[in-house]
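**Student:** Can you keep this structure in mind? I'll have questions shortly.
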Amino acid sequence: MIGTMFDDTYHTIAAPAEGLYKEKGSKFFAFAYPVHNTDEVKQHLEALRKEYFDARHHCYAYILGPTKEAYRVNDDGEPSGTGGRPIHGQLLSADLTDTLIVVVRYFGGILLGASGLANAYKTAARDAIANAEIIEKTIDVCYRLHFEYAAMNDVMRIVKDFNLVPANQDFNLDCRLDINVRQSQSNRFYDTVAKLRTVHIEIL
């Protein structure tokens, strides 16, 4: 199986999910969202802060990108390391990316201490992940092929051989085809298409 040889897959959540943890009167509501960029992160945070305006804290963590290259943790006024970091730890242990988890806390009047707080944020985040549908996605390379109509059969045969589905196509006089190829197959696909003299291939 290709996925075992090449690390070109990643995991994220299919749809928003929620979790809850209660401790000594404090309530920790966890909200997990699939996100693709920091703008989406901001939108979710703003919406939650509006809806739960009377909550004491909105701690969060997110990881973005197939290689988890971007991440952020925020304690939102809780003692350093007790909010955002435990949430981030749950994202890492579930091997998730392109995911934001916000934990909204309503204070119950009894202090939990640093370890109690960290455990509460961790457990709430874990509950949201447990309630989410985790999906596997592939890291794809997007190619654009330009060719004359006469080369159509050759191009479509390669597309079929690689089990690919065109993302965009325009078959007028000069044909154009956009196609996503998973990273582990991308070099082989490129080399195969490049052998067709009449086809120009570029990476988008």
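Each chain in the structure tokens gets a letter, A, B and so on, in the order shown; residues start at 1 in every chain, and ligands are counted from 1 in the order they appear.
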I want to know what sits within 9 Å of Pro86 in chain A, based on only C-alpha atoms, with residues of the same chain fewer than 2 positions away left out; could you give that as JSON, numbers by chain?
**Tutor:** {"A": [61, 81, 82, 83, 84, 88, 89, 90, 91, 118, 119, 120, 121, 122, 123, 125]}
**Student:** Run DSSP on the backbone and tell me which residues of chain A come out as strand (DSSP E or B); list them as a PyMOL selection string.
**Tutor:** chain A and resi 9-13+17-23+26-34+57-64+70-74+96+99-106+134-138+140-148+166-171+174-182+200-203
**Student:** Using only C-alpha atoms, can you tell me which of A:Asn74, A:Ser115, A:Asn37, A:Asn131 comes closest to Ala14 in chain A?
**Tutor:**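 For Ala14 in chain A, the nearest of the given residues is A:Asn131.
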**Student:** So, with only C-alpha atoms as the atoms that count, which of A:Val199, A:Lys68, A:Asp161, A:Phe107 lies closest to Lys27 in chain A?
**Tutor:**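 The answer is A:Phe107, which sits nearest to Lys27 in chain A.
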**Student:** Excluding same-chain residues fewer than 2 positions from Leu96 in chain A, what lies within 9 Å of it counting only C-alpha atoms, as a ChimeraX atom specification?
**Tutor:** /A:10-13,63,68,90-94,98-99,134
**Student:** Create the file for the chosen residues now, containing C-alpha atoms and written as an mmCIF file, in the first residue's frame.
**Tutor:**
data_model
loop_
_atom_site.group_PDB
_atom_site.id
_atom_site.type_symbol
_atom_site.label_atom_id
_atom_site.label_comp_id
_atom_site.auth_asym_id
_atom_site.auth_seq_id
_atom_site.Cartn_x
_atom_site.Cartn_y
_atom_site.Cartn_z
ATOM 1 C CA TYR A 10 -2.950 13.392 7.265
ATOM 2 C CA HIS A 11 -5.915 13.323 9.644
ATOM 3 C CA THR A 12 -8.496 15.982 10.376
ATOM 4 C CA ILE A 13 -12.089 16.091 11.544
ATOM 5 C CA ILE A 63 -2.774 23.033 14.141
ATOM 6 C CA LYS A 68 1.432 20.482 10.978
ATOM 7 C CA GLN A 90 -4.750 16.297 22.630
ATOM 8 C CA LEU A 91 -4.612 17.414 18.992
ATOM 9 C CA LEU A 92 -1.096 15.946 18.758
ATOM 10 C CA SER A 93 -1.982 12.668 20.455
ATOM 11 C CA ALA A 94 -4.963 12.237 18.091
ATOM 12 C CA ASP A 98 -6.412 21.547 10.167
ATOM 13 C CA THR A 99 -8.292 21.475 13.467
ATOM 14 C CA ILE A 134 -11.776 11.643 12.099
#
**Student:** Residues at most 9 Å from range 177-187 of chain A, counting only C-alpha atoms, excluding those fewer than 4 positions away in the same chain, as number ranges by chain?
**Tutor:** A: 2-3, 5-9, 138-147, 159, 162, 164-171, 191-192, 204
**Student:** Can those selected residues be exported to a file as a PDB file, in the first residue's frame so that it contains C-alpha atoms?
**Tutor:**
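Written out: part.pdb:
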ATOM      1  CA  ILE A   2       1.408   3.382  -1.023  1.00  0.00           C
ATOM      2  CA  GLY A   3       0.312   5.186   2.160  1.00  0.00           C
ATOM      3  CA  MET A   5       5.685   3.848   2.157  1.00  0.00           C
ATOM      4  CA  PHE A   6       5.096   7.568   1.723  1.00  0.00           C
ATOM      5  CA  ASP A   7       3.899   9.931   4.388  1.00  0.00           C
ATOM      6  CA  ASP A   8       1.409  11.736   2.156  1.00  0.00           C
ATOM      7  CA  THR A   9      -1.705  11.416   4.296  1.00  0.00           C
ATOM      8  CA  THR A 138      -4.066  12.847   1.067  1.00  0.00           C
ATOM      9  CA  ILE A 139      -1.491  15.554   0.374  1.00  0.00           C
ATOM     10  CA  ASP A 140      -2.030  16.334  -3.286  1.00  0.00           C
ATOM     11  CA  VAL A 141      -0.063  18.098  -5.983  1.00  0.00           C
ATOM     12  CA  CYS A 142      -2.226  20.011  -8.473  1.00  0.00           C
ATOM     13  CA  TYR A 143      -1.160  19.876 -12.112  1.00  0.00           C
ATOM     14  CA  ARG A 144      -2.515  21.731 -15.129  1.00  0.00           C
ATOM     15  CA  LEU A 145      -2.228  20.030 -18.502  1.00  0.00           C
ATOM     16  CA  HIS A 146      -2.468  21.942 -21.792  1.00  0.00           C
ATOM     17  CA  PHE A 147      -2.882  19.931 -24.986  1.00  0.00           C
ATOM     18  CA  VAL A 159      -5.812   9.852 -16.009  1.00  0.00           C
ATOM     19  CA  PHE A 162      -3.769   6.583 -12.260  1.00  0.00           C
ATOM     20  CA  LEU A 164      -7.667  10.208 -11.021  1.00  0.00           C
ATOM     21  CA  VAL A 165     -10.667  12.497 -11.236  1.00  0.00           C
ATOM     22  CA  PRO A 166     -10.233  15.820 -13.101  1.00  0.00           C
ATOM     23  CA  ALA A 167     -10.786  18.887 -10.902  1.00  0.00           C
ATOM     24  CA  ASN A 168     -11.407  21.263 -13.802  1.00  0.00           C
ATOM     25  CA  GLN A 169     -11.598  20.720 -17.503  1.00  0.00           C
ATOM     26  CA  ASP A 170     -12.046  22.855 -20.585  1.00  0.00           C
ATOM     27  CA  PHE A 171     -12.132  20.956 -23.873  1.00  0.00           C
ATOM     28  CA  ASP A 191       7.100  11.726 -15.909  1.00  0.00           C
ATOM     29  CA  THR A 192       4.363   9.760 -17.682  1.00  0.00           C
ATOM     30  CA  LEU A 204      -0.260  24.974  -9.895  1.00  0.00           C
TER      31      LEU A 204
END
**Student:** Can you work out the spacing between CA of Ile129 in chain A and CA of Val35 in chain A in Å, to one decimal?
**Tutor:** 14.3 Å
**Student:** Set the distance at 9 Å and use only C-alpha atoms: which residues neighbour range 38-50 of chain A once local chain neighbours fewer than 5 positions away are removed? I'd like the list as a ChimeraX atom specification.
**Tutor:** /A:31,33,55,58,60,62,64,99-100,102,104
**Student:** Run DSSP on the backbone and give me the residues of range 15-156 of chain A it puts in alpha helix (DSSP H), as a ChimeraX atom specification.
**Tutor:** /A:38-51,84-93,113-130,152-156
**Student:** Within 9 Å of Phe29 in chain A, counting only C-alpha atoms, which residues qualify if same-chain residues fewer than 5 places away don't, as a PyMOL selection string?
**Tutor:** chain A and resi 18-22+102-106+124-125+128
**Student:** Quote the spacing between CA of Asp75 in chain A and CA of Glu136 in chain A in Å to one decimal place.
**Tutor:** 29.1 Å
**Student:** Could you please determine the separation between CA of Ala70 in chain A and CA of Glu51 in chain A in Å, to one decimal place?
**Tutor:**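 Pair CA of Ala70 in chain A / CA of Glu51 in chain A returns 27.0 Å.
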